[in-house]
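Text of the file coords.csv, holding CSV, C-alpha atoms:
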chain,number,residue,atom,x,y,z
A,1,MET,CA,-25.6,-7.0,-18.1
A,2,LYS,CA,-22.5,-4.8,-18.0
A,3,ARG,CA,-19.7,-6.5,-16.1
A,4,SER,CA,-18.5,-4.8,-13.0
A,5,SER,CA,-14.8,-3.8,-12.8
A,6,ALA,CA,-15.0,-4.0,-9.0
A,7,PRO,CA,-13.7,-7.6,-8.6
A,8,ILE,CA,-10.5,-6.7,-10.5
A,9,PHE,CA,-9.7,-3.7,-8.3
A,10,TRP,CA,-10.7,-5.6,-5.2
A,11,SER,CA,-8.4,-8.5,-6.0
A,12,MET,CA,-5.5,-6.2,-6.5
A,13,PHE,CA,-6.4,-4.5,-3.3
A,14,GLY,CA,-6.5,-7.8,-1.5
A,15,ALA,CA,-3.3,-9.2,-3.0
A,16,GLY,CA,-1.4,-6.0,-2.4
A,17,GLY,CA,-2.7,-5.7,1.2
A,18,LEU,CA,-1.7,-9.3,2.0
A,19,LEU,CA,1.7,-9.0,0.3
A,20,SER,CA,2.5,-5.7,2.1
A,21,ALA,CA,1.3,-7.2,5.4
A,22,LEU,CA,3.5,-10.3,5.0
A,23,VAL,CA,6.8,-8.7,3.7
A,24,GLY,CA,6.3,-4.9,3.9
A,25,PRO,CA,8.0,-4.3,7.3
A,26,ALA,CA,11.1,-6.3,6.3
A,27,LEU,CA,11.3,-4.5,3.0
A,28,VAL,CA,11.0,-1.1,4.5
A,29,TYR,CA,13.6,-1.9,7.1
A,30,LEU,CA,16.1,-3.3,4.6
A,31,THR,CA,15.8,-0.7,1.8
A,32,GLY,CA,15.0,2.3,3.9
A,33,ILE,CA,16.9,1.9,7.1
A,34,ALA,CA,19.4,-1.1,7.2
A,35,ALA,CA,20.9,-0.6,3.7
A,36,PRO,CA,21.3,3.2,3.8
A,37,LEU,CA,22.8,3.1,7.3
A,38,SER,CA,24.8,-0.2,6.6
A,39,TRP,CA,23.4,-1.7,9.7
A,40,GLY,CA,24.4,-5.4,9.9
A,41,VAL,CA,23.9,-5.9,6.1
A,42,PRO,CA,26.5,-6.6,3.4
A,43,LEU,CA,27.9,-3.3,2.3
A,44,ASP,CA,27.0,-4.0,-1.3
A,45,LEU,CA,23.4,-5.0,-0.5
A,46,MET,CA,22.0,-2.2,-2.6
A,47,SER,CA,25.0,-1.4,-4.7
A,48,TYR,CA,24.5,-0.7,-8.4
A,49,PRO,CA,26.0,-3.9,-9.8
A,50,ARG,CA,24.0,-6.0,-7.3
A,51,MET,CA,20.7,-4.3,-7.9
A,52,LEU,CA,21.3,-4.3,-11.6
A,53,ALA,CA,21.9,-8.0,-11.6
A,54,PHE,CA,18.7,-8.5,-9.5
A,55,ALA,CA,16.6,-6.4,-11.8
A,56,GLN,CA,18.0,-8.1,-14.9
A,57,HIS,CA,17.0,-11.5,-13.8
A,58,TRP,CA,13.4,-12.4,-14.8
A,59,ALA,CA,12.5,-13.4,-11.2
A,60,GLY,CA,14.0,-10.2,-9.7
A,61,LYS,CA,12.0,-8.2,-12.3
A,62,ALA,CA,8.9,-10.1,-11.3
A,63,VAL,CA,9.5,-9.4,-7.6
A,64,VAL,CA,10.0,-5.7,-8.1
A,65,PHE,CA,7.0,-5.4,-10.4
A,66,LEU,CA,4.7,-7.3,-8.1
A,67,VAL,CA,5.8,-5.4,-5.0
A,68,VAL,CA,5.6,-1.9,-6.4
A,69,ALA,CA,2.5,-2.4,-8.6
A,70,LEU,CA,0.4,-4.3,-6.0
A,71,PHE,CA,1.4,-1.9,-3.2
A,72,LEU,CA,0.2,1.0,-5.5
A,73,TRP,CA,-3.1,-0.7,-6.5
A,74,HIS,CA,-3.7,-1.7,-2.9
A,75,ALA,CA,-3.3,1.9,-1.7
A,76,ALA,CA,-5.3,3.3,-4.7
A,77,HIS,CA,-8.3,1.1,-3.9
A,78,ARG,CA,-8.2,1.9,-0.2
A,79,ILE,CA,-7.8,5.7,-0.8
A,80,TYR,CA,-10.7,5.5,-3.3
A,81,HIS,CA,-13.1,4.1,-0.7
A,82,THR,CA,-11.8,6.5,2.0
A,83,LEU,CA,-12.5,9.5,-0.3
A,84,HIS,CA,-16.0,8.2,-0.6
A,85,ASP,CA,-16.3,7.9,3.1
A,86,LEU,CA,-15.1,11.5,3.4
A,87,GLY,CA,-17.8,12.8,1.1
A,88,LEU,CA,-16.5,12.4,-2.5
A,89,HIS,CA,-19.6,10.7,-3.9
A,90,SER,CA,-18.7,10.8,-7.6
A,91,LYS,CA,-17.6,7.3,-8.5
A,92,ALA,CA,-16.1,8.3,-11.8
A,93,LEU,CA,-14.1,11.2,-10.3
A,94,GLY,CA,-12.9,9.1,-7.4
A,95,GLN,CA,-11.8,6.3,-9.8
A,96,TRP,CA,-9.9,8.8,-12.1
A,97,ILE,CA,-8.2,10.4,-9.1
A,98,VAL,CA,-6.7,7.1,-7.8
A,99,TYR,CA,-6.7,4.5,-10.6
A,100,GLY,CA,-5.5,7.0,-13.2
A,101,PRO,CA,-2.1,7.7,-11.5
A,102,SER,CA,-1.8,4.1,-10.5
A,103,ALA,CA,-2.1,3.0,-14.2
A,104,LEU,CA,0.4,5.6,-15.3
A,105,LEU,CA,2.9,4.7,-12.5
A,106,THR,CA,2.5,1.0,-13.3
A,107,ALA,CA,3.3,1.7,-17.0
A,108,TRP,CA,6.4,3.7,-16.0
A,109,LEU,CA,7.5,0.9,-13.7
A,110,ALA,CA,7.1,-1.7,-16.6
A,111,TRP,CA,9.0,0.7,-18.9
A,112,ALA,CA,11.9,1.0,-16.4
A,113,LEU,CA,12.1,-2.7,-15.7
A,114,LEU,CA,12.1,-3.5,-19.4
A,115,SER,CA,14.7,-0.9,-20.3
A,116,ILE,CA,17.0,-2.4,-17.7
A,117,GLY,CA,17.1,-5.4,-20.0
A,118,PHE,CA,17.6,-9.1,-19.3
B,119,MET,CA,-29.1,28.6,0.0
B,120,SER,CA,-31.2,31.8,0.0
B,121,ALA,CA,-34.5,32.1,1.8
B,122,GLU,CA,-36.2,32.6,-1.6
B,123,THR,CA,-35.2,29.2,-3.0
B,124,ARG,CA,-36.0,27.5,0.3
B,125,THR,CA,-39.6,28.6,0.0
B,126,MET,CA,-39.9,27.7,-3.7
B,127,GLY,CA,-41.0,24.2,-2.9
B,128,LYS,CA,-38.2,22.5,-4.8
B,129,ARG,CA,-37.3,19.0,-3.7
B,130,ARG,CA,-34.5,19.1,-1.2
B,131,PRO,CA,-33.5,15.6,-0.2
B,132,TYR,CA,-32.1,15.5,3.4
B,133,ARG,CA,-28.4,15.0,3.4
B,134,ARG,CA,-26.8,14.4,6.7
B,135,ALA,CA,-23.6,16.5,7.2
B,136,MET,CA,-20.5,14.3,6.8
B,137,ASP,CA,-18.0,16.6,8.5
B,138,GLY,CA,-15.9,14.6,11.0
B,139,TRP,CA,-18.4,11.8,11.3
B,140,TRP,CA,-15.7,9.3,12.0
B,141,THR,CA,-14.3,11.2,15.0
B,142,ARG,CA,-17.4,10.5,17.0
B,143,ASN,CA,-16.8,6.8,17.5
B,144,PRO,CA,-13.5,5.1,18.4
B,145,PHE,CA,-14.3,2.3,16.1
B,146,PHE,CA,-14.4,4.6,13.1
B,147,VAL,CA,-11.3,6.4,14.3
B,148,ARG,CA,-9.5,3.1,14.1
B,149,TYR,CA,-11.1,2.5,10.8
B,150,MET,CA,-9.7,5.8,9.4
B,151,ILE,CA,-6.2,5.2,10.8
B,152,ARG,CA,-6.3,1.7,9.2
B,153,GLU,CA,-7.4,3.2,5.8
B,154,TRP,CA,-4.8,6.0,5.8
B,155,THR,CA,-1.9,3.5,6.2
B,156,ALA,CA,-2.5,3.2,2.4
B,157,VAL,CA,-1.0,6.7,1.9
B,158,LEU,CA,2.4,5.5,3.2
B,159,VAL,CA,2.2,2.2,1.4
B,160,ALA,CA,1.8,4.2,-1.8
B,161,ALA,CA,4.6,6.6,-0.8
B,162,TYR,CA,7.0,3.6,-0.2
B,163,ALA,CA,6.0,2.1,-3.5
B,164,LEU,CA,6.9,5.5,-5.1
B,165,VAL,CA,10.3,5.4,-3.4
B,166,LEU,CA,11.0,2.0,-4.9
B,167,LEU,CA,9.6,3.0,-8.3
B,168,VAL,CA,12.0,6.0,-8.4
B,169,GLY,CA,14.8,3.6,-7.5
B,170,ALA,CA,13.9,1.3,-10.4
B,171,VAL,CA,13.8,4.2,-12.8
B,172,ARG,CA,17.1,5.5,-11.6
B,173,LEU,CA,18.5,2.0,-11.9
B,174,ALA,CA,17.4,2.0,-15.5
B,175,GLN,CA,19.1,5.3,-16.1
B,176,GLY,CA,22.6,4.0,-15.1
B,177,GLU,CA,25.1,3.9,-12.3
B,178,ALA,CA,25.4,7.7,-11.7
B,179,ALA,CA,21.7,8.2,-11.4
B,180,TYR,CA,21.2,5.1,-9.2
B,181,SER,CA,24.1,6.1,-6.8
B,182,ALA,CA,22.6,9.6,-6.4
B,183,TRP,CA,19.3,8.0,-5.6
B,184,PHE,CA,20.8,5.7,-3.0
B,185,GLU,CA,22.8,8.6,-1.5
B,186,SER,CA,19.5,10.5,-1.1
B,187,MET,CA,18.2,7.5,0.8
B,188,LYS,CA,20.8,8.3,3.5
B,189,SER,CA,19.5,11.8,4.1
B,190,PRO,CA,17.9,12.5,7.6
B,191,PHE,CA,14.6,13.2,5.9
B,192,ALA,CA,14.6,9.9,4.0
B,193,LEU,CA,15.6,8.0,7.1
B,194,ALA,CA,12.9,9.7,9.2
B,195,PHE,CA,10.4,8.9,6.5
B,196,HIS,CA,11.3,5.2,6.5
B,197,TRP,CA,11.2,5.0,10.3
B,198,VAL,CA,7.6,6.4,10.2
B,199,THR,CA,6.8,4.1,7.3
B,200,LEU,CA,8.1,1.1,9.2
B,201,ALA,CA,5.8,1.9,12.1
B,202,VAL,CA,2.9,2.3,9.8
B,203,PHE,CA,3.6,-1.0,8.0
B,204,LEU,CA,3.8,-2.8,11.3
B,205,TYR,CA,0.4,-1.3,12.1
B,206,HIS,CA,-0.9,-2.3,8.7
B,207,THR,CA,0.3,-5.9,9.2
B,208,TRP,CA,-1.5,-6.1,12.6
B,209,SER,CA,-4.7,-4.4,11.4
B,210,TRP,CA,-4.8,-6.5,8.2
B,211,PHE,CA,-4.8,-9.7,10.1
B,212,GLU,CA,-7.1,-8.3,12.8
B,213,ILE,CA,-9.9,-7.7,10.2
B,214,MET,CA,-9.0,-10.8,8.2
B,215,PRO,CA,-11.5,-13.0,10.1
B,216,ARG,CA,-14.3,-10.6,9.0
B,217,THR,CA,-13.2,-10.3,5.4
B,218,MET,CA,-12.6,-13.9,4.6
B,219,PRO,CA,-15.1,-16.8,4.3
B,220,ALA,CA,-15.7,-18.5,7.6
B,221,ILE,CA,-13.6,-21.6,8.2
B,222,PHE,CA,-15.1,-24.6,10.0
B,223,VAL,CA,-13.1,-27.1,11.9
B,224,GLY,CA,-14.9,-30.1,13.2
B,225,GLY,CA,-18.3,-28.3,12.8
B,226,LYS,CA,-17.1,-25.3,14.8
B,227,ARG,CA,-16.3,-22.0,13.4
B,228,LEU,CA,-12.6,-21.1,13.7
B,229,ALA,CA,-12.2,-18.4,16.3
B,230,ARG,CA,-11.3,-14.9,15.1
B,231,GLY,CA,-8.2,-14.8,17.4
B,232,VAL,CA,-6.8,-18.0,15.8
B,233,ILE,CA,-7.0,-16.5,12.3
B,234,THR,CA,-5.4,-13.3,13.4
B,235,ALA,CA,-2.6,-15.1,15.3
B,236,ALA,CA,-1.9,-17.4,12.3
B,237,GLY,CA,-1.7,-14.4,10.0
B,238,ILE,CA,0.7,-12.5,12.2
B,239,ALA,CA,2.8,-15.7,12.6
B,240,ALA,CA,2.9,-16.0,8.8
B,241,ALA,CA,4.0,-12.4,8.5
B,242,LEU,CA,6.8,-13.0,11.0
B,243,ALA,CA,8.0,-16.0,9.0
B,244,CYS,CA,7.9,-14.1,5.7
B,245,CYS,CA,9.8,-11.2,7.1
B,246,ALA,CA,12.4,-13.5,8.6
B,247,ILE,CA,12.8,-15.2,5.2
B,248,VAL,CA,13.2,-11.9,3.4
B,249,LEU,CA,15.8,-10.7,6.0
B,250,ALA,CA,17.7,-14.0,5.8
B,251,LEU,CA,17.8,-13.9,2.0
B,252,ALA,CA,19.1,-10.3,2.1
B,253,LEU,CA,21.6,-10.8,4.9
B,254,GLY,CA,23.1,-14.1,3.9
B,255,GLY,CA,21.9,-16.6,1.3
B,256,GLY,CA,20.8,-14.1,-1.3
B,257,ARG,CA,24.0,-14.1,-3.2

Please rewrite the model in this file as structure tokens.
Amino acid sequence: MKRSSAPIFWSMFGAGGLLSALVGPALVYLTGIAAPLSWGVPLDLMSYPRMLAFAQHWAGKAVVFLVVALFLWHAAHRIYHTLHDLGLHSKALGQWIVYGPSALLTAWLAWALLSIGF
Amino acid sequence: MSAETRTMGKRRPYRRAMDGWWTRNPFFVRYMIREWTAVLVAAYALVLLVGAVRLAQGEAAYSAWFESMKSPFALAFHWVTLAVFLYHTWSWFEIMPRTMPAIFVGGKRLARGVITAAGIAAALACCAIVLALALGGGR
């Protein structure tokens, strides 16, 4: 029997959904509101040297990779099923539309993080 | 379809129209809102992805990206995204009792509200840790 790919996509959906539910609001507030407006945060919170040091550390790289990739795959899976609910019945087309860009963006992210170096 | 093909006797399976089916029931309206939070989750991931790419391109590129994060449009986008993420957190744990295997404590099934409350408490704790790391101990 051909193995289904569904459990893989579903686990990434679940992991990304849980991660974004747990830390998403804090991340959006910090990176999108508090840091750009310098609201009660260290002025250098998102400065180039500090972000570079963060992304050069293996743990920082892992955090950025997991957050961005899992958020993307969570959203992709949810949008895929919603497109189905809105009448897009072609499984193959739906999967290409959402998982294709997710795979490309994940590769781009990995390339960026690796080219930042260690 | 023309009148001619309709009388040809070809098999025409009944397909119920799907236009706006979800607007007819508040339960499905909530379902659609919950599902479409994913669009802003993806958009926020894209913002961070562009930041990581700009970081890899050097200081000038990164500083320009961070300056663009201060634009009114970017700030408005992040306020909306924050609201949507808060809704996502709530709705994720609201449906969690239905998406996870049942938990039994002392022979009784754990109530849905308990699971939801525990999830939201965990989210509050995680957000507090992230904020504390960024504001103080993260150096």

Considering all atoms listed in the file, give me a table of residues in chain A that are at most 6 Å from chain B, with the closest atom pair and distance in Å for each, as CSV.
residue,atom,partner,partner_atom,distance
A:Ala21,CA,B:Thr207,CA,4.1
A:Leu22,CA,B:Ala241,CA,4.1
A:Val23,CA,B:Cys245,CA,5.2
A:Pro25,CA,B:Phe203,CA,5.5
A:Ala26,CA,B:Cys245,CA,5.1
A:Val28,CA,B:Leu200,CA,5.9
A:Gly32,CA,B:His196,CA,5.4
A:Pro36,CA,B:Lys188,CA,5.1
A:Val41,CA,B:Leu253,CA,5.5
A:Val68,CA,B:Ala163,CA,5.0
A:Leu72,CA,B:Ala160,CA,5.1
A:Ala75,CA,B:Ala156,CA,4.4
A:Ala112,CA,B:Val171,CA,5.2
A:Ile116,CA,B:Ala174,CA,4.9

Practice problem: Please identify all polymer residues within 9 Å of Ala110 of chain A, counting all atoms listed in the file, omitting same-chain residues fewer than 5 positions from it, and present them as a list in words. | Solution: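 Those residues are Phe65, Leu105 and Ser115 of chain A.
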
Quiz item: Between atom CA of Pro101 of chain A and atom CA of Leu113 of chain A, what is the distance, to one decimal in Å?
Solution: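 Interatomic distance here is 18.1 Å.
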
Quiz item: Which residue out of B:Arg148, B:Lys128, B:Arg134, B:Arg230 has the minimum interatomic distance to Met218 of chain B when all atoms listed in the file are used?
Solution: B:Arg230

Practice problem: Work out how far apart atom CA of His77 of chain A and atom CA of Trp10 of chain A are and give it in Å to one decimal. | Solution: 7.2 Å

Quiz item: Please, what distance in Å, to one decimal, runs between atom CA of Leu45 of chain A and atom CA of Trp58 of chain A?
Solution: 19.0 Å

Self-check item: Using all atoms listed in the file: which of A:Met46, A:Ala59, A:Ser90, A:Leu70 has the shortest distance to Gly24 of chain A
Solution: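 Answer, going by the shortest atom-to-atom distance: A:Leu70.
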
All heavy atoms of segment 11-22 of chain A, written as a PDB file, in the first residue's frame:
ATOM      1  N   SER A  11       1.339  16.696  11.059  1.00  0.00           N
ATOM      2  CA  SER A  11       2.165  16.968  12.253  1.00  0.00           C
ATOM      3  C   SER A  11       2.789  18.344  12.186  1.00  0.00           C
ATOM      4  O   SER A  11       2.920  19.015  13.206  1.00  0.00           O
ATOM      5  CB  SER A  11       3.275  15.938  12.468  1.00  0.00           C
ATOM      6  OG  SER A  11       3.235  14.925  11.564  1.00  0.00           O
ATOM      7  N   MET A  12       3.181  18.774  10.960  1.00  0.00           N
ATOM      8  CA  MET A  12       3.757  20.116  10.874  1.00  0.00           C
ATOM      9  C   MET A  12       2.682  21.173  11.118  1.00  0.00           C
ATOM     10  O   MET A  12       2.949  22.216  11.716  1.00  0.00           O
ATOM     11  CB  MET A  12       4.439  20.311   9.519  1.00  0.00           C
ATOM     12  CG  MET A  12       5.725  19.539   9.440  1.00  0.00           C
ATOM     13  SD  MET A  12       6.829  20.107   8.145  1.00  0.00           S
ATOM     14  CE  MET A  12       5.967  19.562   6.706  1.00  0.00           C
ATOM     15  N   PHE A  13       1.454  20.883  10.665  1.00  0.00           N
ATOM     16  CA  PHE A  13       0.335  21.784  10.960  1.00  0.00           C
ATOM     17  C   PHE A  13       0.128  21.890  12.470  1.00  0.00           C
ATOM     18  O   PHE A  13       0.003  22.980  13.027  1.00  0.00           O
ATOM     19  CB  PHE A  13      -0.942  21.260  10.289  1.00  0.00           C
ATOM     20  CG  PHE A  13      -2.206  21.792  10.905  1.00  0.00           C
ATOM     21  CD1 PHE A  13      -2.614  23.088  10.657  1.00  0.00           C
ATOM     22  CD2 PHE A  13      -2.971  20.996  11.740  1.00  0.00           C
ATOM     23  CE1 PHE A  13      -3.776  23.585  11.234  1.00  0.00           C
ATOM     24  CE2 PHE A  13      -4.131  21.490  12.317  1.00  0.00           C
ATOM     25  CZ  PHE A  13      -4.522  22.786  12.067  1.00  0.00           C
ATOM     26  N   GLY A  14       0.121  20.728  13.141  1.00  0.00           N
ATOM     27  CA  GLY A  14      -0.122  20.709  14.582  1.00  0.00           C
ATOM     28  C   GLY A  14       0.999  21.388  15.355  1.00  0.00           C
ATOM     29  O   GLY A  14       0.749  22.194  16.251  1.00  0.00           O
ATOM     30  N   ALA A  15       2.250  21.082  14.967  1.00  0.00           N
ATOM     31  CA  ALA A  15       3.393  21.664  15.675  1.00  0.00           C
ATOM     32  C   ALA A  15       3.416  23.182  15.477  1.00  0.00           C
ATOM     33  O   ALA A  15       3.618  23.939  16.431  1.00  0.00           O
ATOM     34  CB  ALA A  15       4.690  21.031  15.171  1.00  0.00           C
ATOM     35  N   GLY A  16       3.187  23.620  14.236  1.00  0.00           N
ATOM     36  CA  GLY A  16       3.196  25.054  13.958  1.00  0.00           C
ATOM     37  C   GLY A  16       2.040  25.768  14.637  1.00  0.00           C
ATOM     38  O   GLY A  16       2.186  26.883  15.130  1.00  0.00           O
ATOM     39  N   GLY A  17       0.883  25.113  14.660  1.00  0.00           N
ATOM     40  CA  GLY A  17      -0.276  25.722  15.307  1.00  0.00           C
ATOM     41  C   GLY A  17      -0.074  25.875  16.797  1.00  0.00           C
ATOM     42  O   GLY A  17      -0.406  26.907  17.385  1.00  0.00           O
ATOM     43  N   LEU A  18       0.511  24.842  17.412  1.00  0.00           N
ATOM     44  CA  LEU A  18       0.759  24.897  18.855  1.00  0.00           C
ATOM     45  C   LEU A  18       1.814  25.950  19.171  1.00  0.00           C
ATOM     46  O   LEU A  18       1.638  26.784  20.070  1.00  0.00           O
ATOM     47  CB  LEU A  18       1.198  23.512  19.361  1.00  0.00           C
ATOM     48  CG  LEU A  18       1.434  23.407  20.861  1.00  0.00           C
ATOM     49  CD1 LEU A  18       0.132  23.691  21.624  1.00  0.00           C
ATOM     50  CD2 LEU A  18       1.961  22.033  21.233  1.00  0.00           C
ATOM     51  N   LEU A  19       2.928  25.927  18.394  1.00  0.00           N
ATOM     52  CA  LEU A  19       4.005  26.890  18.641  1.00  0.00           C
ATOM     53  C   LEU A  19       3.493  28.328  18.483  1.00  0.00           C
ATOM     54  O   LEU A  19       3.774  29.189  19.325  1.00  0.00           O
ATOM     55  CB  LEU A  19       5.171  26.627  17.673  1.00  0.00           C
ATOM     56  CG  LEU A  19       6.417  27.477  17.896  1.00  0.00           C
ATOM     57  CD1 LEU A  19       7.067  27.134  19.237  1.00  0.00           C
ATOM     58  CD2 LEU A  19       7.425  27.278  16.760  1.00  0.00           C
ATOM     59  N   SER A  20       2.714  28.576  17.418  1.00  0.00           N
ATOM     60  CA  SER A  20       2.225  29.942  17.202  1.00  0.00           C
ATOM     61  C   SER A  20       1.199  30.334  18.260  1.00  0.00           C
ATOM     62  O   SER A  20       1.111  31.502  18.633  1.00  0.00           O
ATOM     63  CB  SER A  20       1.638  30.096  15.797  1.00  0.00           C
ATOM     64  OG  SER A  20       0.665  29.109  15.558  1.00  0.00           O
ATOM     65  N   ALA A  21       0.438  29.342  18.757  1.00  0.00           N
ATOM     66  CA  ALA A  21      -0.521  29.660  19.821  1.00  0.00           C
ATOM     67  C   ALA A  21       0.206  29.992  21.123  1.00  0.00           C
ATOM     68  O   ALA A  21      -0.230  30.855  21.882  1.00  0.00           O
ATOM     69  CB  ALA A  21      -1.478  28.490  20.035  1.00  0.00           C
ATOM     70  N   LEU A  22       1.337  29.314  21.364  1.00  0.00           N
ATOM     71  CA  LEU A  22       2.051  29.508  22.636  1.00  0.00           C
ATOM     72  C   LEU A  22       2.863  30.802  22.643  1.00  0.00           C
ATOM     73  O   LEU A  22       2.823  31.561  23.616  1.00  0.00           O
ATOM     74  CB  LEU A  22       2.969  28.316  22.921  1.00  0.00           C
ATOM     75  CG  LEU A  22       2.273  27.013  23.321  1.00  0.00           C
ATOM     76  CD1 LEU A  22       3.287  25.880  23.430  1.00  0.00           C
ATOM     77  CD2 LEU A  22       1.519  27.168  24.642  1.00  0.00           C
TER      78      LEU A  22
END
